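Student: Quick one, my_file31.txt (compact mmCIF, C-alpha atoms):
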# COMPACT_ATOMS: atom_id res chain seq x y z
CA MET A 1 88.09 75.83 78.89
CA ILE A 2 88.50 75.88 82.67
CA GLY A 3 88.94 72.10 82.71
CA GLU A 4 91.51 72.36 79.95
CA ALA A 5 93.51 74.93 81.89
CA LEU A 6 93.43 72.87 85.09
CA GLN A 7 94.99 69.93 83.26
CA LEU A 8 98.20 71.94 83.09
CA GLU A 9 100.43 71.40 86.12
CA PHE A 10 101.76 74.97 86.20
CA VAL A 11 98.20 76.31 86.29
CA ARG A 12 97.30 74.04 89.21
CA ASN A 13 100.46 75.10 91.05
CA ALA A 14 99.71 78.76 90.37
CA LEU A 15 96.18 78.37 91.68
CA ALA A 16 97.37 76.58 94.83
CA ALA A 17 100.02 79.25 95.44
CA GLY A 18 97.48 82.01 94.98
CA LEU A 19 95.08 80.46 97.47
CA LEU A 20 97.84 79.88 100.05
CA VAL A 21 98.97 83.47 99.73
CA SER A 22 95.36 84.69 99.93
CA VAL A 23 94.87 83.25 103.40
CA VAL A 24 98.09 84.82 104.67
CA CYS A 25 97.27 88.14 103.01
CA GLY A 26 93.86 88.17 104.65
CA VAL A 27 95.24 87.56 108.13
CA ILE A 28 98.46 89.58 108.09
CA GLY A 29 97.04 92.27 105.82
CA THR A 30 94.25 92.87 108.32
CA LEU A 31 96.77 93.45 111.11
CA VAL A 32 98.77 95.75 108.82
CA VAL A 33 95.70 97.86 108.04
CA VAL A 34 94.25 98.13 111.54
CA ASN A 35 97.67 98.97 113.02
CA ARG A 36 98.28 101.57 110.27
CA ILE A 37 101.69 100.25 109.29
CA VAL A 38 101.18 100.01 105.52
CA PHE A 39 104.30 102.13 104.90
CA LEU A 40 106.36 99.80 107.08
CA ALA A 41 105.02 96.76 105.22
CA GLY A 42 105.97 98.41 101.94
CA GLY A 43 109.45 99.10 103.26
CA ILE A 44 109.92 95.47 104.29
CA ALA A 45 108.65 94.29 100.90
CA HIS A 46 111.09 96.40 98.91
CA ALA A 47 114.02 95.76 101.25
CA ALA A 48 113.45 92.05 100.61
CA TYR A 49 115.08 92.54 97.22
CA GLY A 50 118.40 92.57 99.05
CA GLY A 51 117.67 89.04 100.20
CA ILE A 52 116.99 87.94 96.63
CA GLY A 53 120.36 89.28 95.52
CA LEU A 54 122.11 87.73 98.52
CA ALA A 55 120.54 84.32 97.88
CA PHE A 56 121.67 84.21 94.26
CA PHE A 57 125.12 85.63 95.01
CA MET A 58 125.82 83.09 97.77
CA GLY A 59 124.15 80.21 95.95
CA TRP A 60 121.58 79.75 98.72
CA PRO A 61 117.97 78.65 98.26
CA TYR A 62 115.83 81.63 97.29
CA ALA A 63 113.50 81.38 100.31
CA VAL A 64 116.31 81.08 102.88
CA GLY A 65 118.21 84.17 101.76
CA THR A 66 115.10 86.27 101.23
CA ILE A 67 113.41 85.40 104.52
CA GLY A 68 116.62 86.03 106.47
CA PHE A 69 117.22 89.42 104.87
CA SER A 70 113.55 90.41 105.18
CA VAL A 71 113.42 89.50 108.88
CA LEU A 72 116.64 91.46 109.48
CA SER A 73 115.16 94.48 107.69
CA ALA A 74 111.97 94.13 109.72
CA GLY A 75 114.01 94.06 112.93
CA LEU A 76 115.83 97.25 111.96
CA MET A 77 112.56 98.97 111.13
CA ALA A 78 111.04 97.84 114.42
CA ALA A 79 113.99 99.26 116.35
CA VAL A 80 113.82 102.56 114.45
CA THR A 81 110.07 103.04 114.83
CA LEU A 82 110.15 102.17 118.52
CA LYS A 83 113.17 104.33 119.44
CA ALA A 84 112.91 107.29 117.06
CA LYS A 85 109.30 107.66 115.95
CA HIS A 86 109.81 111.25 114.78
CA ARG A 87 112.42 110.02 112.27
CA ALA A 88 110.81 106.69 111.46
CA ASP A 89 109.56 107.57 107.97
CA ALA A 90 112.99 108.76 106.82
CA MET A 91 114.82 105.78 108.30
CA VAL A 92 112.34 103.31 106.80
CA GLY A 93 112.87 105.00 103.44
CA VAL A 94 116.64 104.58 103.80
CA ILE A 95 116.35 100.86 104.67
CA TRP A 96 113.86 100.43 101.82
CA ALA A 97 116.23 101.97 99.25
CA LEU A 98 119.34 100.32 100.70
CA GLY A 99 117.79 96.87 100.51
CA MET A 100 116.89 97.28 96.85
CA ALA A 101 120.30 98.74 96.02
CA VAL A 102 122.13 95.87 97.74
CA GLY A 103 119.99 93.36 95.89
CA ILE A 104 120.67 94.91 92.49
CA ILE A 105 124.43 95.13 93.09
CA LEU A 106 124.65 91.53 94.33
CA LEU A 107 122.73 90.30 91.30
CA ASP A 108 125.11 92.25 89.06
CA LEU A 109 128.06 90.58 90.80
CA THR A 110 126.62 87.07 90.61
CA PRO A 111 128.95 85.23 88.21
CA GLY A 112 127.54 83.44 85.18
CA TYR A 113 123.91 84.14 85.98
CA SER A 114 121.51 86.42 84.15
CA VAL A 115 118.65 87.24 86.50
CA ASP A 116 115.24 88.12 85.13
CA LEU A 117 114.42 91.17 87.23
CA MET A 118 110.86 91.30 85.95
CA SER A 119 110.03 87.97 87.58
CA PHE A 120 110.86 89.39 91.01
CA LEU A 121 109.46 92.86 90.46
CA PHE A 122 106.12 91.73 89.01
CA GLY A 123 105.83 88.11 90.10
CA SER A 124 106.25 84.71 88.48
CA ILE A 125 103.31 82.72 89.80
CA LEU A 126 103.21 80.50 86.72
CA THR A 127 106.68 79.17 87.53
CA VAL A 128 105.82 78.01 91.07
CA THR A 129 106.90 74.41 91.64
CA ALA A 130 105.67 71.73 94.02
CA ALA A 131 108.70 72.39 96.25
CA ASP A 132 107.78 76.08 96.36
CA LEU A 133 104.26 75.14 97.43
CA TRP A 134 105.59 73.10 100.36
CA GLN A 135 107.75 76.03 101.47
CA MET A 136 104.87 78.48 101.12
CA GLY A 137 102.56 76.13 102.98
CA GLY A 138 105.04 75.75 105.84
CA ALA A 139 105.53 79.50 106.15
CA GLY A 140 101.78 80.06 106.02
CA ILE A 141 101.13 77.53 108.79
CA VAL A 142 103.71 79.20 111.04
CA VAL A 143 102.12 82.63 110.49
CA LEU A 144 98.59 81.35 111.13
CA LEU A 145 99.59 79.46 114.29
CA VAL A 146 101.31 82.54 115.74
CA VAL A 147 98.34 84.80 115.00
CA THR A 148 95.92 82.25 116.46
CA TYR A 149 97.98 81.88 119.65
CA TYR A 150 98.33 85.63 120.20
CA TYR A 151 94.98 86.64 118.71
CA ASN A 152 93.56 88.33 121.82
CA ASP A 153 96.81 90.19 122.44
CA PHE A 154 96.95 91.35 118.81
CA LEU A 155 93.34 92.48 119.14
CA ALA A 156 94.13 94.55 122.23
CA MET A 157 97.28 96.04 120.68
CA SER A 158 95.57 96.90 117.40
CA TYR A 159 92.80 99.03 118.85
CA ASP A 160 94.25 100.52 122.03
CA ASP A 161 97.92 99.88 122.66
CA GLU A 162 98.03 102.04 125.79
CA PHE A 163 95.18 100.08 127.38
CA ALA A 164 96.91 96.88 126.29
CA ARG A 165 100.10 97.94 128.08
CA LEU A 166 98.09 98.62 131.26
CA ARG A 167 96.80 95.06 131.06
CA ASN A 168 100.40 93.77 130.76
CA VAL A 169 100.07 92.82 127.11
CA PRO A 170 103.62 92.62 125.65
CA VAL A 171 102.97 95.29 123.01
CA THR A 172 106.61 95.80 122.03
CA PHE A 173 107.18 92.08 121.58
CA LEU A 174 103.96 91.72 119.56
CA TYR A 175 104.89 94.68 117.36
CA CYS A 176 108.26 93.13 116.54
CA LEU A 177 106.62 89.74 116.01
CA LEU A 178 104.10 91.29 113.62
CA LEU A 179 106.83 92.88 111.54
CA GLY A 180 108.64 89.54 111.43
CA MET A 181 105.49 87.81 110.18
CA ILE A 182 105.05 90.52 107.56
CA ALA A 183 108.58 89.74 106.37
CA ILE A 184 107.77 86.02 106.05
CA SER A 185 104.49 86.80 104.29
CA VAL A 186 106.22 89.12 101.84
CA VAL A 187 108.52 86.32 100.71
CA MET A 188 105.46 84.21 99.92
CA ILE A 189 103.65 87.00 98.08
CA ILE A 190 106.68 87.93 95.95
CA ARG A 191 106.21 84.73 93.93
CA VAL A 192 102.61 85.69 93.16
CA VAL A 193 102.63 89.42 92.36
CA GLY A 194 106.24 90.56 92.77
CA LEU A 195 107.91 93.16 94.96
CA ILE A 196 106.28 96.18 93.31
CA LEU A 197 102.74 94.90 93.83
CA VAL A 198 103.10 93.11 97.19
CA ILE A 199 101.66 95.95 99.21
CA ALA A 200 98.54 96.11 97.04
CA LEU A 201 97.57 92.47 97.59
CA LEU A 202 98.43 92.80 101.27
CA THR A 203 96.20 95.84 101.86
CA ILE A 204 93.40 96.09 99.26
CA PRO A 205 91.31 93.13 100.54
CA PRO A 206 91.51 94.27 104.20
CA PHE A 207 90.57 97.83 103.19
CA ILE A 208 87.44 96.45 101.54
CA ALA A 209 86.65 94.05 104.36
CA GLU A 210 87.00 96.78 106.98
CA LYS A 211 84.01 98.62 105.51
CA PHE A 212 81.64 95.71 105.94
CA THR A 213 82.75 93.80 109.04
CA GLY A 214 82.42 94.40 112.75
CA SER A 215 85.16 92.25 114.26
CA LEU A 216 88.82 91.56 113.66
CA ARG A 217 88.16 87.86 113.07
CA ALA A 218 85.46 88.61 110.51
CA MET A 219 87.72 91.11 108.81
CA MET A 220 90.46 88.48 108.49
CA THR A 221 88.00 85.95 107.08
CA VAL A 222 86.46 88.30 104.52
CA SER A 223 89.91 89.58 103.52
CA SER A 224 91.11 86.03 102.87
CA LEU A 225 88.04 85.26 100.77
CA LEU A 226 88.43 88.46 98.77
CA SER A 227 92.13 87.76 98.20
CA GLY A 228 91.26 84.30 96.92
CA LEU A 229 88.55 85.70 94.64
CA PHE A 230 90.85 88.36 93.20
CA THR A 231 93.65 85.84 92.69
CA ILE A 232 91.47 83.30 90.89
CA ALA A 233 89.81 85.95 88.72
CA GLY A 234 93.17 87.55 87.91
CA LEU A 235 94.75 84.22 86.98
CA TRP A 236 91.82 83.34 84.75
CA LEU A 237 91.90 86.68 82.94
CA SER A 238 95.65 86.50 82.50
CA TYR A 239 95.27 83.01 81.01
CA LEU A 240 92.53 84.13 78.62
CA LEU A 241 94.14 87.39 77.52
CA ASN A 242 97.80 86.31 77.76
CA LEU A 243 98.66 89.00 80.31
CA THR A 244 101.13 89.13 83.20
CA ALA A 245 99.43 87.22 86.01
CA GLY A 246 100.61 89.33 88.96
CA ALA A 247 99.62 92.65 87.42
CA THR A 248 96.26 91.24 86.32
CA ILE A 249 95.51 90.06 89.87
CA ILE A 250 96.18 93.54 91.22
CA LEU A 251 94.06 95.17 88.53
CA VAL A 252 91.17 92.91 89.49
CA ALA A 253 91.73 93.75 93.18
CA ALA A 254 91.82 97.47 92.40
CA GLY A 255 88.60 97.13 90.41
CA GLY A 256 87.00 95.35 93.35
CA PHE A 257 88.16 98.12 95.69
CA LEU A 258 86.65 100.79 93.43
CA LEU A 259 83.31 98.99 93.16
CA ALA A 260 83.14 98.32 96.91
CA THR A 261 83.95 101.94 97.72
CA LEU A 262 81.30 103.25 95.32
CA TRP A 263 78.71 100.82 96.68
CA PHE A 264 79.55 101.73 100.25
CA GLU A 265 79.32 105.48 99.61
CA ILE A 266 76.02 105.19 97.73
CA SER A 267 74.59 102.98 100.44
CA ARG A 268 75.82 105.30 103.20
CA ARG A 269 74.26 108.36 101.55
CA ARG A 270 70.95 106.54 101.35
CA GLY A 271 71.24 105.61 105.00
CA GLY A 272 71.25 101.90 104.27
CA HIS A 273 74.71 101.09 105.56
CA ARG A 274 76.80 102.32 108.45
CA ARG A 275 80.48 101.60 108.75
CA PRO A 276 81.15 99.58 111.90
CA ASP A 277 82.58 101.62 114.74
CA THR A 278 86.12 100.59 115.61
CA ALA A 279 85.02 100.25 119.23
CA SER A 280 82.93 97.24 118.21
CA TYR A 281 86.06 95.34 117.28
CA ARG A 282 87.30 95.14 120.83
Reformat the file's structure so that it appears as C-alpha cells.

Tutor:
Amino acid sequence: MIGEALQLEFVRNALAAGLLVSVVCGVIGTLVVVNRIVFLAGGIAHAAYGGIGLAFFMGWPYAVGTIGFSVLSAGLMAAVTLKAKHRADAMVGVIWALGMAVGIILLDLTPGYSVDLMSFLFGSILTVTAADLWQMGGAGIVVLLVVTYYYNDFLAMSYDDEFARLRNVPVTFLYCLLLGMIAISVVMIIRVVGLILVIALLTIPPFIAEKFTGSLRAMMTVSSLLSGLFTIAGLWLSYLLNLTAGATIILVAAGGFLLATLWFEISRRRGGHRRPDTASYR
C-alpha cells in the first residue's frame, strides 16, 4: 500500500514538503524554544495571514506577499520587544490580531476569487506543487546557511545574552535576524499544517528533544528527525483514514510529546535519567 501511495505525484510532493519543513522546524524551532520566544513565533505566524490576503488582492505570488508581510511583522515585533519589554505581550497581541484582520478583509475585497480559508488555516500539503518545493527548498537553504554561519553567536545569545554582549556578540542584530528567519520558516510551514497549527510543529519536536540532548546542535538534529517522523506518520495516517493531513500530523506530534513526557518522568523518578543541565549547552 505504501508503494501504491508513492506512485501518486501529490503524495510524493507532500512527503518532500514535509521533510523540507521538518529540517527547518528542527533548527529554527530549537532556537525559538531555548530563547523562550514561542509567543512571538505564534504572533508572527498568525500575522502572516495579512500577507496571504495581500498576495491574493494584489495578484502577487503567494510566497512573495506572505514572506514580505511576515518579515515586516517580525520587524515590528522585534522593535516592540526590544524597546518596550513591559508592554511587549500586549503589542504582539495587537500585531497578531491586526495581521489576521487585514488578511481577512483583503481576501473579502479580492474580486472574482473565492478563497478557501481552511487551506490556509489548517494546511494544504497535498496540493504542494513542484514549483512550491523549489521555493521551500530555497528558503530552507537560506535559513540553514544563516544559522550555520552564526551558530556560535546564536549559542552564546541563547544561553546567556548578557555574557554574549560582554564578548561583543551582536545580540540585537541576531535577535532581529532570528525573528526574520522565523517569518520565512512560517511561510514554509503554512503549506504543511496551516496558520493555526504552525506553532505546534515549530515547538513540539524541540520540547521533546530538549529533554534528551545535551547540546544545541544535538537538539537541532533530534528535533529535525522527530519532525520528519511525525510528518511521515501523520501523512500516512491521513492517507489511510482520509483525514486532514495537517491536523493529523499535529495529533501525532502531540501523542509523541505525551509519550516522551511520561517516559521521561517515569525514568527520572526511578533515577535512570537526568535532564541535561542548560549549562552543558554552552

Student: Contacts of range 250-254 of chain A at 9 Å or less, counting all atoms listed in the file, minus same-chain residues fewer than 3 places along, as a PyMOL selection string?

Tutor: chain A and resi 193+197+200-201+204-205+226-227+229-231+233-234+245-247+257-259

Student: How far is it from CA of Glu4 in chain A to CA of Leu20 in chain A, in Å with one decimal?

Tutor: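 Here the two named atoms are 22.4 Å from each other.
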
Student: Can you work out which one of A:Thr172, A:Ser267, A:Ser215, A:Thr244 has the shortest atom-to-atom distance to Val192 in chain A, counting all atoms listed in the file?

Tutor: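 Answer, going by the shortest atom-to-atom distance: A:Thr244.
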
Student: Could you jot down the CA of Cys25 in chain A to CA of Ser224 in chain A separation for me, Å, one decimal place?

Tutor: 6.5 Å

Student: Just give me the gap between CA of Leu19 in chain A and CA of Thr248 in chain A in Å, one decimal is fine.

Tutor: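 Computing the Euclidean distance for CA of Leu19 in chain A and CA of Thr248 in chain A yields 15.6 Å.
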
Student: Starting from the point (114.8, 95.5, 110.2), work out which residues of protein, DNA or RNA have an atom no more than 10 Å away when counting all atoms listed in the file; state them as a ChimeraX atom specification.

Tutor: /A:40,43-44,47,69-80,92,95-96,176,179-180,183

Student: Near range 5-9 of chain A, counting all atoms listed in the file, which residues have an atom at most 10 Å away, once you skip same-chain residues fewer than 2 positions from it, shown as a list in words?

Tutor: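 Contacts, in chain order: Met1, Ile2, Gly3, Val11, Arg12, Asn13, Ala14, Leu15, Leu126, Val128, Thr129, Ala130, Trp236, Tyr239 and Leu240 of chain A.
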
Student: My list of candidates is A:Leu155, A:Val186, A:Val171, A:Val94. Which is closest to Ala45 in chain A when distances are computed with only C-alpha atoms?

Tutor: A:Val186

Student: List every protein, DNA or RNA residue that has at least one atom no more than 12 Å from (98.6, 85.2, 111.8) in the file's coordinates, counting all atoms listed in the file, and write the result as a PDB file with C-alpha atoms, in the frame of the given file.

Tutor:
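Output saved as result.pdb:
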ATOM      1  CA  VAL A  23      94.870  83.250 103.400  1.00  0.00           C
ATOM      2  CA  VAL A  24      98.090  84.820 104.670  1.00  0.00           C
ATOM      3  CA  CYS A  25      97.270  88.140 103.010  1.00  0.00           C
ATOM      4  CA  GLY A  26      93.860  88.170 104.650  1.00  0.00           C
ATOM      5  CA  VAL A  27      95.240  87.560 108.130  1.00  0.00           C
ATOM      6  CA  ILE A  28      98.460  89.580 108.090  1.00  0.00           C
ATOM      7  CA  GLY A  29      97.040  92.270 105.820  1.00  0.00           C
ATOM      8  CA  THR A  30      94.250  92.870 108.320  1.00  0.00           C
ATOM      9  CA  LEU A  31      96.770  93.450 111.110  1.00  0.00           C
ATOM     10  CA  VAL A  32      98.770  95.750 108.820  1.00  0.00           C
ATOM     11  CA  ALA A 139     105.530  79.500 106.150  1.00  0.00           C
ATOM     12  CA  GLY A 140     101.780  80.060 106.020  1.00  0.00           C
ATOM     13  CA  ILE A 141     101.130  77.530 108.790  1.00  0.00           C
ATOM     14  CA  VAL A 142     103.710  79.200 111.040  1.00  0.00           C
ATOM     15  CA  VAL A 143     102.120  82.630 110.490  1.00  0.00           C
ATOM     16  CA  LEU A 144      98.590  81.350 111.130  1.00  0.00           C
ATOM     17  CA  LEU A 145      99.590  79.460 114.290  1.00  0.00           C
ATOM     18  CA  VAL A 146     101.310  82.540 115.740  1.00  0.00           C
ATOM     19  CA  VAL A 147      98.340  84.800 115.000  1.00  0.00           C
ATOM     20  CA  THR A 148      95.920  82.250 116.460  1.00  0.00           C
ATOM     21  CA  TYR A 149      97.980  81.880 119.650  1.00  0.00           C
ATOM     22  CA  TYR A 150      98.330  85.630 120.200  1.00  0.00           C
ATOM     23  CA  TYR A 151      94.980  86.640 118.710  1.00  0.00           C
ATOM     24  CA  ASN A 152      93.560  88.330 121.820  1.00  0.00           C
ATOM     25  CA  ASP A 153      96.810  90.190 122.440  1.00  0.00           C
ATOM     26  CA  PHE A 154      96.950  91.350 118.810  1.00  0.00           C
ATOM     27  CA  LEU A 155      93.340  92.480 119.140  1.00  0.00           C
ATOM     28  CA  LEU A 174     103.960  91.720 119.560  1.00  0.00           C
ATOM     29  CA  LEU A 177     106.620  89.740 116.010  1.00  0.00           C
ATOM     30  CA  LEU A 178     104.100  91.290 113.620  1.00  0.00           C
ATOM     31  CA  LEU A 179     106.830  92.880 111.540  1.00  0.00           C
ATOM     32  CA  GLY A 180     108.640  89.540 111.430  1.00  0.00           C
ATOM     33  CA  MET A 181     105.490  87.810 110.180  1.00  0.00           C
ATOM     34  CA  ILE A 182     105.050  90.520 107.560  1.00  0.00           C
ATOM     35  CA  ILE A 184     107.770  86.020 106.050  1.00  0.00           C
ATOM     36  CA  SER A 185     104.490  86.800 104.290  1.00  0.00           C
ATOM     37  CA  LEU A 216      88.820  91.560 113.660  1.00  0.00           C
ATOM     38  CA  ARG A 217      88.160  87.860 113.070  1.00  0.00           C
ATOM     39  CA  MET A 220      90.460  88.480 108.490  1.00  0.00           C
ATOM     40  CA  THR A 221      88.000  85.950 107.080  1.00  0.00           C
ATOM     41  CA  SER A 224      91.110  86.030 102.870  1.00  0.00           C
TER      42      SER A 224
END

Student: Considering all atoms listed in the file, state which residue in the set A:Ala41, A:Ala156, A:Leu133, A:Val64 is at the smallest distance from Ala16 in chain A.

Tutor: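 Smallest distance to Ala16 in chain A is found for A:Leu133.
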
Student: Counting only C-alpha atoms, figure out which residue out of A:Phe10, A:Phe39, A:Phe163, A:Tyr175 gets nearest to Leu235 in chain A.

Tutor: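 Counting only C-alpha atoms, the residue closest to Leu235 in chain A is A:Phe10.
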